[in-house]
file my_file-v5.csv (CSV, C-alpha atoms)
chain,number,residue,atom,x,y,z
T,1229,MET,CA,118.7,73.8,51.3
T,1230,SER,CA,116.9,71.5,48.8
T,1231,PRO,CA,113.1,71.5,48.6
T,1232,GLY,CA,113.1,67.9,50.0
T,1233,THR,CA,115.2,69.0,53.0
T,1234,ARG,CA,112.9,71.9,53.8
T,1235,ALA,CA,109.8,69.6,53.6
T,1236,ALA,CA,111.4,67.1,56.0
T,1237,VAL,CA,113.3,69.3,58.4
T,1238,LEU,CA,111.1,72.3,58.7
T,1239,SER,CA,107.9,70.4,59.3
T,1240,GLY,CA,104.7,71.9,60.5
T,1241,ARG,CA,106.0,71.6,64.1
T,1242,MET,CA,109.3,73.3,63.5
T,1243,LEU,CA,108.6,76.2,61.0
T,1244,PRO,CA,106.6,78.2,63.6
T,1245,GLU,CA,109.6,77.9,66.0
T,1246,LEU,CA,111.9,79.3,63.3
T,1247,LEU,CA,109.4,82.2,62.7
T,1248,ARG,CA,109.3,82.9,66.4
T,1249,VAL,CA,113.0,83.7,66.7
T,1250,ALA,CA,113.8,85.2,63.3
T,1251,ASP,CA,112.5,87.5,60.6
T,1252,VAL,CA,112.0,84.9,57.9
T,1253,ASP,CA,110.0,84.8,54.7
T,1254,PRO,CA,108.5,81.3,54.9
T,1255,ASP,CA,107.9,81.3,51.2
T,1256,LEU,CA,111.5,81.9,50.2
T,1257,LEU,CA,113.6,78.9,49.7
T,1258,LEU,CA,117.1,79.3,48.2
T,1259,THR,CA,118.6,76.4,46.3
T,1260,GLY,CA,121.3,78.5,44.7
T,1261,PHE,CA,122.8,82.0,44.8
T,1262,ARG,CA,122.5,82.8,41.1
T,1263,ARG,CA,121.8,86.2,39.7
T,1264,ASP,CA,118.2,87.5,39.5
T,1265,GLU,CA,116.0,85.6,37.2
T,1266,PRO,CA,112.5,86.4,36.0
T,1267,ASP,CA,110.9,83.9,38.3
T,1268,GLU,CA,112.8,85.2,41.3
T,1269,PRO,CA,112.3,89.0,41.3
T,1270,GLY,CA,114.2,90.9,43.9
T,1271,LEU,CA,116.4,88.0,44.9
T,1272,GLY,CA,119.5,90.2,44.8
T,1273,ARG,CA,117.9,92.8,47.1
T,1274,ARG,CA,117.0,90.0,49.6
T,1275,LEU,CA,120.4,88.5,49.6
T,1276,ALA,CA,121.9,91.9,50.3
T,1277,GLN,CA,119.9,92.1,53.5
T,1278,VAL,CA,120.6,88.6,54.8
T,1279,GLU,CA,122.3,88.5,58.2
T,1280,VAL,CA,122.0,84.7,58.9
T,1281,LEU,CA,121.6,81.8,56.5
T,1282,PHE,CA,119.6,78.9,57.9
T,1283,THR,CA,120.9,75.9,55.9
T,1284,GLY,CA,120.4,72.2,55.4
T,1285,TRP,CA,121.2,69.3,53.1
T,1286,GLY,CA,121.5,70.5,49.5
T,1287,CYS,CA,123.0,73.9,50.3
T,1288,PRO,CA,125.3,75.0,47.5
T,1289,PRO,CA,128.9,76.2,48.3
T,1290,LEU,CA,129.2,79.6,49.9
T,1291,ASP,CA,132.1,80.7,47.8
T,1292,ALA,CA,133.4,84.2,47.3
T,1293,GLU,CA,130.9,85.0,44.5
T,1294,ALA,CA,128.0,83.9,46.7
T,1295,LEU,CA,129.3,85.9,49.7
T,1296,GLU,CA,129.7,89.0,47.5
T,1297,ARG,CA,126.0,89.1,47.1
T,1298,MET,CA,125.5,88.9,50.9
T,1299,PRO,CA,127.5,91.8,52.4
T,1300,GLN,CA,125.5,91.8,55.6
T,1301,LEU,CA,125.9,88.0,56.2
T,1302,ARG,CA,127.3,87.3,59.7
T,1303,ALA,CA,126.5,83.7,60.5
T,1304,VAL,CA,125.5,80.3,59.0
T,1305,VAL,CA,123.3,78.0,61.1
T,1306,HIS,CA,123.2,74.5,59.7
T,1307,ALA,CA,120.3,72.2,60.5
T,1308,ALA,CA,122.3,69.1,59.7
T,1309,GLY,CA,125.7,67.6,60.4
T,1310,SER,CA,128.8,68.3,58.4
T,1311,VAL,CA,129.2,71.8,56.9
T,1312,LYS,CA,132.1,70.8,54.6
T,1313,HIS,CA,129.8,70.7,51.6
T,1314,HIS,CA,129.0,74.4,51.7
T,1315,VAL,CA,131.2,76.3,54.2
T,1316,THR,CA,134.3,77.3,52.1
T,1317,GLU,CA,137.5,79.1,52.9
T,1318,ALA,CA,135.8,82.3,51.8
T,1319,CYS,CA,133.4,82.0,54.8
T,1320,TRP,CA,136.3,81.8,57.3
T,1321,GLU,CA,138.1,84.7,55.6
T,1322,ARG,CA,134.9,86.7,56.0
T,1323,GLY,CA,134.9,85.8,59.7
T,1324,LEU,CA,131.5,84.2,59.6
T,1325,LEU,CA,130.2,82.4,62.6
T,1326,VAL,CA,129.2,78.8,61.8
T,1327,SER,CA,127.0,76.4,63.8
T,1328,SER,CA,126.1,72.8,63.1
T,1329,ALA,CA,123.5,70.4,64.4
T,1330,ALA,CA,126.0,67.5,64.2
T,1331,ALA,CA,125.6,66.8,67.9
T,1332,ALA,CA,121.9,66.3,67.4
T,1333,ASN,CA,122.5,64.0,64.4
T,1334,ALA,CA,125.0,62.0,66.5
T,1335,VAL,CA,122.2,60.8,68.7
T,1336,PRO,CA,120.5,58.3,66.3
T,1337,VAL,CA,123.8,57.2,64.8
T,1338,ALA,CA,125.1,56.3,68.3
T,1339,GLU,CA,121.8,54.5,69.1
T,1340,TYR,CA,122.0,52.5,65.9
T,1341,THR,CA,125.6,51.6,66.7
T,1342,LEU,CA,124.8,50.5,70.3
T,1343,ALA,CA,122.0,48.2,68.9
T,1344,ALA,CA,124.4,46.8,66.3
T,1345,ILE,CA,127.1,46.1,68.9
T,1346,LEU,CA,124.7,44.3,71.3
T,1347,PHE,CA,122.9,42.3,68.5
T,1348,THR,CA,126.1,41.3,66.7
T,1349,ASN,CA,127.7,39.9,69.9
T,1350,LYS,CA,124.6,37.8,70.4
T,1351,ARG,CA,124.7,36.7,66.7
T,1352,VAL,CA,121.1,37.8,66.3
T,1353,LEU,CA,121.3,38.1,62.5
T,1354,GLU,CA,123.0,34.7,62.0
T,1355,SER,CA,120.6,32.9,64.4
T,1356,ALA,CA,117.6,34.5,62.7
T,1357,HIS,CA,118.9,33.2,59.3
T,1358,ALA,CA,119.5,29.8,60.7
T,1359,TYR,CA,116.1,29.6,62.4
T,1360,ARG,CA,114.4,30.7,59.2
T,1361,ALA,CA,116.2,28.0,57.2
T,1362,ALA,CA,115.6,25.2,59.7
T,1363,ARG,CA,112.1,26.1,60.9
T,1364,ALA,CA,112.8,23.8,63.8
T,1365,PRO,CA,114.6,23.9,67.1
T,1366,ILE,CA,118.3,25.0,67.0
T,1367,ASP,CA,121.0,23.8,69.3
T,1368,LEU,CA,122.2,27.3,70.3
T,1369,LEU,CA,124.8,26.2,72.7
T,1370,ARG,CA,126.5,24.0,70.1
T,1371,ARG,CA,126.1,26.4,67.2
T,1372,TYR,CA,127.0,29.6,69.1
T,1373,PRO,CA,129.3,28.6,72.0
T,1374,ALA,CA,131.0,31.9,72.4
T,1375,VAL,CA,128.2,34.5,71.9
T,1376,GLY,CA,127.2,37.2,74.3
T,1377,ASN,CA,128.3,40.7,75.5
T,1378,TYR,CA,129.9,39.9,78.8
T,1379,HIS,CA,133.5,41.1,78.8
T,1380,ARG,CA,133.6,41.4,75.0
T,1381,THR,CA,135.9,44.1,73.6
T,1382,VAL,CA,134.6,46.9,71.4
T,1383,GLY,CA,137.0,49.1,69.4
T,1384,ILE,CA,136.0,52.6,68.5
T,1385,VAL,CA,137.9,54.2,65.6
T,1386,GLY,CA,137.4,57.9,66.0
T,1387,ALA,CA,136.6,59.8,69.2
T,1388,SER,CA,134.2,62.1,67.2
T,1389,LEU,CA,130.9,63.4,68.5
T,1390,ILE,CA,129.3,60.1,67.5
T,1391,GLY,CA,132.2,58.0,68.8
T,1392,ARG,CA,132.1,59.7,72.2
T,1393,ARG,CA,128.3,59.3,72.4
T,1394,VAL,CA,128.7,55.6,71.6
T,1395,MET,CA,131.3,55.3,74.5
T,1396,ASP,CA,128.8,56.9,76.8
T,1397,LEU,CA,126.0,54.6,75.8
T,1398,LEU,CA,128.3,51.6,76.4
T,1399,ARG,CA,129.0,52.5,80.0
T,1400,PRO,CA,126.2,50.4,81.5
T,1401,PHE,CA,127.4,47.2,79.8
T,1402,ASP,CA,130.1,44.8,80.9
T,1403,LEU,CA,132.2,45.6,77.8
T,1404,ARG,CA,135.9,46.6,77.4
T,1405,VAL,CA,136.2,49.7,75.2
T,1406,LEU,CA,139.3,50.6,73.1
T,1407,VAL,CA,139.6,53.8,71.2
T,1408,HIS,CA,141.9,54.9,68.4
T,1409,ASP,CA,142.1,58.7,67.6
T,1410,PRO,CA,145.4,60.5,67.0
T,1411,TYR,CA,143.8,63.8,68.1
T,1412,ALA,CA,142.2,62.6,71.3
T,1413,ASP,CA,143.6,63.1,74.9
T,1414,PRO,CA,144.2,59.6,76.4
T,1415,GLY,CA,143.2,61.0,79.8
T,1416,GLU,CA,139.9,62.3,78.5
T,1417,LEU,CA,139.2,58.9,76.9
T,1418,ALA,CA,140.0,57.2,80.2
T,1419,ALA,CA,137.4,59.4,81.9
T,1420,LEU,CA,134.9,58.1,79.3
T,1421,GLY,CA,135.7,54.6,80.3
T,1422,ALA,CA,137.9,53.8,77.3
T,1423,GLU,CA,141.5,52.8,76.7
T,1424,ALA,CA,143.5,54.7,74.1
T,1425,CYS,CA,145.5,52.5,71.8
T,1426,ALA,CA,147.1,52.3,68.3
T,1427,LEU,CA,144.9,51.2,65.5
T,1428,ASP,CA,146.6,47.9,64.7
T,1429,GLU,CA,146.4,46.9,68.4
T,1430,LEU,CA,142.7,47.9,68.5
T,1431,LEU,CA,142.0,45.7,65.5
T,1432,ARG,CA,143.8,42.7,67.0
T,1433,ARG,CA,142.1,42.9,70.3
T,1434,SER,CA,138.5,43.8,69.4
T,1435,ASP,CA,135.5,41.5,69.0
T,1436,VAL,CA,133.7,44.4,67.4
T,1437,VAL,CA,135.2,47.4,65.5
T,1438,SER,CA,133.0,50.5,65.0
T,1439,LEU,CA,134.1,53.2,62.6
T,1440,HIS,CA,133.4,56.9,63.5
T,1441,ALA,CA,136.3,58.6,61.7
T,1442,PRO,CA,135.9,61.4,59.1
T,1443,ALA,CA,136.4,60.9,55.4
T,1444,LEU,CA,139.7,62.6,54.7
T,1445,PRO,CA,142.5,61.8,52.2
T,1446,GLN,CA,144.5,60.3,55.0
T,1447,THR,CA,141.7,58.0,56.1
T,1448,ARG,CA,140.8,56.6,52.7
T,1449,HIS,CA,141.0,52.8,53.0
T,1450,LEU,CA,142.1,53.2,56.6
T,1451,LEU,CA,141.0,49.5,56.8
T,1452,ASP,CA,142.7,47.9,53.9
T,1453,ALA,CA,143.4,44.2,53.3
T,1454,ALA,CA,146.3,44.1,55.7
T,1455,ARG,CA,144.4,45.8,58.5
T,1456,LEU,CA,141.3,43.7,58.0
T,1457,ALA,CA,143.5,40.6,58.3
T,1458,LEU,CA,144.5,41.8,61.8
T,1459,MET,CA,140.9,41.4,63.1
T,1460,PRO,CA,140.3,38.1,64.9
T,1461,ASP,CA,138.2,35.3,63.3
T,1462,GLY,CA,134.5,36.0,63.9
T,1463,ALA,CA,135.0,39.7,64.7
T,1464,THR,CA,132.5,42.2,63.4
T,1465,LEU,CA,133.0,45.5,61.6
T,1466,ILE,CA,130.4,48.2,61.9
T,1467,ASN,CA,130.5,51.2,59.6
T,1468,THR,CA,128.1,54.1,60.2
T,1469,ALA,CA,130.8,56.6,59.1
T,1470,ARG,CA,131.9,56.7,55.5
T,1471,GLY,CA,132.3,53.9,53.0
T,1472,SER,CA,135.7,55.2,51.9
T,1473,LEU,CA,137.2,54.3,55.2
T,1474,VAL,CA,137.2,50.6,54.1
T,1475,ASP,CA,138.6,48.8,51.1
T,1476,THR,CA,135.4,47.3,49.8
T,1477,VAL,CA,137.1,44.6,47.7
T,1478,ALA,CA,139.2,43.4,50.6
T,1479,LEU,CA,136.2,43.5,53.0
T,1480,THR,CA,134.0,41.5,50.6
T,1481,GLU,CA,136.7,38.8,50.3
T,1482,GLU,CA,136.7,38.5,54.1
T,1483,LEU,CA,133.0,38.4,54.4
T,1484,VAL,CA,132.4,35.9,51.5
T,1485,ALA,CA,135.0,33.6,53.2
T,1486,GLY,CA,132.9,33.9,56.4
T,1487,ARG,CA,135.9,34.9,58.5
T,1488,LEU,CA,134.4,38.3,59.5
T,1489,HIS,CA,130.9,39.7,60.1
T,1490,ALA,CA,129.7,43.2,59.2
T,1491,VAL,CA,127.0,45.8,59.8
T,1492,LEU,CA,127.3,48.3,57.0
T,1493,ASP,CA,125.2,51.5,56.9
T,1494,HIS,CA,127.8,53.1,54.6
T,1495,THR,CA,129.6,51.4,51.7
T,1496,GLU,CA,131.8,52.4,48.7
T,1497,PRO,CA,130.1,52.9,46.4
T,1498,GLU,CA,127.2,54.2,48.5
T,1499,VAL,CA,124.9,51.8,46.8
T,1500,LEU,CA,126.6,48.5,46.0
T,1501,PRO,CA,126.1,46.9,42.6
T,1502,ALA,CA,123.0,44.7,42.4
T,1503,GLY,CA,125.3,41.7,42.0
T,1504,SER,CA,127.2,42.3,45.2
T,1505,PRO,CA,127.3,39.1,47.4
T,1506,LEU,CA,127.0,41.3,50.5
T,1507,TYR,CA,123.2,41.6,50.0
T,1508,ASN,CA,122.7,37.9,50.7
T,1509,LEU,CA,125.4,36.8,53.1
T,1510,PRO,CA,124.1,35.7,56.5
T,1511,ASN,CA,127.0,37.3,58.2
T,1512,VAL,CA,126.3,40.8,56.8
T,1513,LEU,CA,123.6,43.4,57.6
T,1514,LEU,CA,123.3,46.1,54.9
T,1515,THR,CA,121.2,49.1,55.6
T,1516,PRO,CA,120.6,52.0,53.2
T,1517,HIS,CA,122.1,54.9,55.3
T,1518,VAL,CA,119.4,54.8,58.0
T,1519,ALA,CA,121.6,55.4,61.0
T,1520,GLY,CA,121.4,59.2,60.8
T,1521,SER,CA,118.3,61.3,61.5
T,1522,LEU,CA,115.1,60.2,59.9
T,1523,GLY,CA,111.4,60.9,60.4
T,1524,GLY,CA,110.7,62.4,63.8
T,1525,GLU,CA,114.4,62.6,64.6
T,1526,LEU,CA,114.7,65.4,62.1
T,1527,ASP,CA,112.8,67.6,64.5
T,1528,ARG,CA,115.9,67.3,66.8
T,1529,LEU,CA,118.0,68.8,64.1
T,1530,ALA,CA,115.7,71.7,63.5
T,1531,ALA,CA,115.2,72.4,67.2
T,1532,THR,CA,119.0,72.5,67.7
T,1533,ALA,CA,119.4,74.9,64.8
T,1534,VAL,CA,116.6,77.1,66.0
T,1535,GLU,CA,118.1,77.2,69.5
T,1536,GLU,CA,121.4,78.3,68.0
T,1537,LEU,CA,119.7,81.0,66.0
T,1538,GLU,CA,117.9,82.2,69.1
T,1539,ARG,CA,121.3,82.4,71.0
T,1540,TYR,CA,122.7,84.5,68.1
T,1541,ALA,CA,119.7,86.8,68.3
T,1542,LEU,CA,120.3,87.2,72.1
T,1543,GLY,CA,123.9,88.0,71.6
T,1544,LEU,CA,125.1,84.7,73.0
T,1545,GLY,CA,127.7,82.4,71.6
T,1546,PHE,CA,126.8,79.3,69.7
T,1547,ARG,CA,126.6,76.2,71.8
T,1548,HIS,CA,127.5,74.1,68.8
T,1549,GLY,CA,129.9,76.4,66.9
T,1550,VAL,CA,132.2,74.9,64.2
T,1551,ASP,CA,135.9,75.5,64.7
T,1552,ARG,CA,137.8,76.1,61.5
T,1553,VAL,CA,140.9,74.2,62.7
T,1554,ARG,CA,139.1,71.2,64.1
T,1555,LEU,CA,137.0,71.0,60.9
T,1556,SER,CA,140.1,70.2,58.9
T,1557,TYR,CA,140.4,66.8,60.6
T,1558,SER,CA,136.8,66.1,61.5
T,1559,ALA,CA,133.6,65.3,59.6

call {"tool": "encode", "arguments": {"input": "my_file-v5.csv", "output": "structure tokens"}}
result
Amino acid sequence: MSPGTRAAVLSGRMLPELLRVADVDPDLLLTGFRRDEPDEPGLGRRLAQVEVLFTGWGCPPLDAEALERMPQLRAVVHAAGSVKHHVTEACWERGLLVSSAAAANAVPVAEYTLAAILFTNKRVLESAHAYRAARAPIDLLRRYPAVGNYHRTVGIVGASLIGRRVMDLLRPFDLRVLVHDPYADPGELAALGAEACALDELLRRSDVVSLHAPALPQTRHLLDAARLALMPDGATLINTARGSLVDTVALTEELVAGRLHAVLDHTEPEVLPAGSPLYNLPNVLLTPHVAGSLGGELDRLAATAVEELERYALGLGFRHGVDRVRLSYSA
């Protein structure tokens, strides 16, 4: 992992837990799998003895050359979400066991999404802008005649770990929930209190659309100009997934026109140009990728990974194992 990741994830609270369950050199941090260098004497010998890699953000790819240096490697425990950046085909061909803390990272993203849904249906952002500008009483019933969460429809695109947790969090509220996911079982979605439907139908029927699909070639610009046009006037798009799922140019046109609203924690590019109108529009909330684990929430990632490592040490299966086939169509 990167030095910054280690400092953030393996805090003073979590490093002792890692040392409790594994034989770890707390001073050794790998940021690459290069050949021995003068400042890293004995790295090759250490790699040859490694049984488990404890990884995080910034881990380089575990390609065939890297794995050749780790003949004893049996498992990769990732203290973060997606493993696509470092788990390669060579890992699966070796038969490595892989675990991810994606379920732990899903918690704050789902919480952010829930807050966004409830706030956007109440037009909290808009009314705050209006109040700041007026600095006087506002006729809320006239200005916002249709706001509120009662019997509004929320569309979830992607029944992923995060998408499913959002569905679960929405249960206590008087909301209708639609879900589009070509890989999900409609019966399973119904048990979660949601109705499965086609994407275009979901867009037409939803007051709020929340994206939780993975970034894949087939999902690039999943919401293009034509699909954004299907959303009802005044609907809101929430993106905590990946910016590539949405055609930014087309979305910007809809938002500048004031037809749609948006809560965007991910955009394409990841940081919009300084001149983008989205920074200042009253119908847009832009956040700098804050939905995922931050601060104390990182302890949840580390704790999940340490628990997985302990299960491995006890000869138990991973609770959050990564499946090779499912990985091909998930985050």

call {"tool": "residues_around", "arguments": {"input": "my_file-v5.csv", "residues": "region 1319-1321 of chain T", "least_positions_apart": "6", "cutoff": "12 Å", "atoms": "all atoms listed in the file", "output": "PDB file with C-alpha atoms, in the coordinates of the input"}}
result
ATOM      1  CA  LEU T1281     121.600  81.800  56.500  1.00  0.00           C
ATOM      2  CA  PRO T1289     128.900  76.200  48.300  1.00  0.00           C
ATOM      3  CA  LEU T1290     129.200  79.600  49.900  1.00  0.00           C
ATOM      4  CA  ASP T1291     132.100  80.700  47.800  1.00  0.00           C
ATOM      5  CA  ALA T1292     133.400  84.200  47.300  1.00  0.00           C
ATOM      6  CA  GLU T1293     130.900  85.000  44.500  1.00  0.00           C
ATOM      7  CA  ALA T1294     128.000  83.900  46.700  1.00  0.00           C
ATOM      8  CA  LEU T1295     129.300  85.900  49.700  1.00  0.00           C
ATOM      9  CA  GLU T1296     129.700  89.000  47.500  1.00  0.00           C
ATOM     10  CA  MET T1298     125.500  88.900  50.900  1.00  0.00           C
ATOM     11  CA  PRO T1299     127.500  91.800  52.400  1.00  0.00           C
ATOM     12  CA  LEU T1301     125.900  88.000  56.200  1.00  0.00           C
ATOM     13  CA  ARG T1302     127.300  87.300  59.700  1.00  0.00           C
ATOM     14  CA  ALA T1303     126.500  83.700  60.500  1.00  0.00           C
ATOM     15  CA  VAL T1304     125.500  80.300  59.000  1.00  0.00           C
ATOM     16  CA  VAL T1311     129.200  71.800  56.900  1.00  0.00           C
ATOM     17  CA  LYS T1312     132.100  70.800  54.600  1.00  0.00           C
ATOM     18  CA  VAL T1550     132.200  74.900  64.200  1.00  0.00           C
ATOM     19  CA  ASP T1551     135.900  75.500  64.700  1.00  0.00           C
ATOM     20  CA  ARG T1552     137.800  76.100  61.500  1.00  0.00           C
ATOM     21  CA  VAL T1553     140.900  74.200  62.700  1.00  0.00           C
ATOM     22  CA  LEU T1555     137.000  71.000  60.900  1.00  0.00           C
TER      23      LEU T1555
END

call {"tool": "residues_around", "arguments": {"input": "my_file-v5.csv", "residues": "region 1441-1447 of chain T", "least_positions_apart": "2", "cutoff": "7 Å", "atoms": "only C-alpha atoms", "output": "ChimeraX atom specification"}}
result
/T:1385-1386,1388,1439,1449-1450,1469-1470,1472-1473,1558-1559

call {"tool": "closest_residue", "arguments": {"input": "my_file-v5.csv", "among": "T:Val1491, T:Val1280, T:Leu1509, T:Ile1390", "to": "Ala1332 (chain T)", "atoms": "only C-alpha atoms"}}
result
T:Ile1390

call {"tool": "closest_residue", "arguments": {"input": "my_file-v5.csv", "among": "T:Gly1545, T:Cys1287, T:Ser1328, T:Ala1235", "to": "Leu1529 (chain T)", "atoms": "all atoms listed in the file"}}
result
T:Ser1328

call {"tool": "residues_around", "arguments": {"input": "my_file-v5.csv", "residues": "region 1252-1262 of chain T", "least_positions_apart": "3", "cutoff": "9 Å", "atoms": "all atoms listed in the file", "output": "ChimeraX atom specification"}}
result
/T:1229-1231,1234,1243,1246-1247,1249,1265,1271-1272,1275,1286-1290,1293-1294,1297

call {"tool": "residues_around", "arguments": {"input": "my_file-v5.csv", "residues": "Ala1457 (chain T)", "least_positions_apart": "2", "cutoff": "10 Å", "atoms": "only C-alpha atoms", "output": "number ranges by chain"}}
result
T: 1431-1432, 1451-1455, 1459-1461, 1478-1479, 1482, 1487-1488

call {"tool": "decode", "arguments": {"input": "my_file-v5.csv", "residues": "region 1469-1498 of chain T", "atoms": "C-alpha atoms", "output": "PDB file, in the first residue's frame"}}
result
ATOM      1  CA  ALA T1469     -20.247   5.294  -7.959  1.00  0.00           C
ATOM      2  CA  ARG T1470     -18.047   6.368 -10.861  1.00  0.00           C
ATOM      3  CA  GLY T1471     -18.081   9.484 -13.015  1.00  0.00           C
ATOM      4  CA  SER T1472     -17.775   7.434 -16.199  1.00  0.00           C
ATOM      5  CA  LEU T1473     -21.327   6.134 -15.763  1.00  0.00           C
ATOM      6  CA  VAL T1474     -22.677   9.543 -16.840  1.00  0.00           C
ATOM      7  CA  ASP T1475     -22.104  11.700 -19.917  1.00  0.00           C
ATOM      8  CA  THR T1476     -20.839  14.819 -18.147  1.00  0.00           C
ATOM      9  CA  VAL T1477     -21.542  17.145 -21.077  1.00  0.00           C
ATOM     10  CA  ALA T1478     -25.132  15.979 -21.370  1.00  0.00           C
ATOM     11  CA  LEU T1479     -25.687  16.139 -17.604  1.00  0.00           C
ATOM     12  CA  THR T1480     -24.213  19.638 -17.436  1.00  0.00           C
ATOM     13  CA  GLU T1481     -26.661  20.826 -20.088  1.00  0.00           C
ATOM     14  CA  GLU T1482     -29.594  19.423 -18.106  1.00  0.00           C
ATOM     15  CA  LEU T1483     -28.371  20.982 -14.868  1.00  0.00           C
ATOM     16  CA  VAL T1484     -27.592  24.401 -16.354  1.00  0.00           C
ATOM     17  CA  ALA T1485     -31.096  24.414 -17.854  1.00  0.00           C
ATOM     18  CA  GLY T1486     -32.422  23.729 -14.349  1.00  0.00           C
ATOM     19  CA  ARG T1487     -34.484  20.734 -15.475  1.00  0.00           C
ATOM     20  CA  LEU T1488     -32.666  18.239 -13.229  1.00  0.00           C
ATOM     21  CA  HIS T1489     -30.905  18.313  -9.873  1.00  0.00           C
ATOM     22  CA  ALA T1490     -27.760  16.414  -8.901  1.00  0.00           C
ATOM     23  CA  VAL T1491     -25.687  15.248  -5.946  1.00  0.00           C
ATOM     24  CA  LEU T1492     -22.294  14.287  -7.354  1.00  0.00           C
ATOM     25  CA  ASP T1493     -19.527  12.712  -5.311  1.00  0.00           C
ATOM     26  CA  HIS T1494     -17.942  11.340  -8.504  1.00  0.00           C
ATOM     27  CA  THR T1495     -17.562  13.106 -11.824  1.00  0.00           C
ATOM     28  CA  GLU T1496     -15.690  12.663 -15.079  1.00  0.00           C
ATOM     29  CA  PRO T1497     -13.075  14.039 -14.945  1.00  0.00           C
ATOM     30  CA  GLU T1498     -12.752  13.254 -11.248  1.00  0.00           C
TER      31      GLU T1498
END
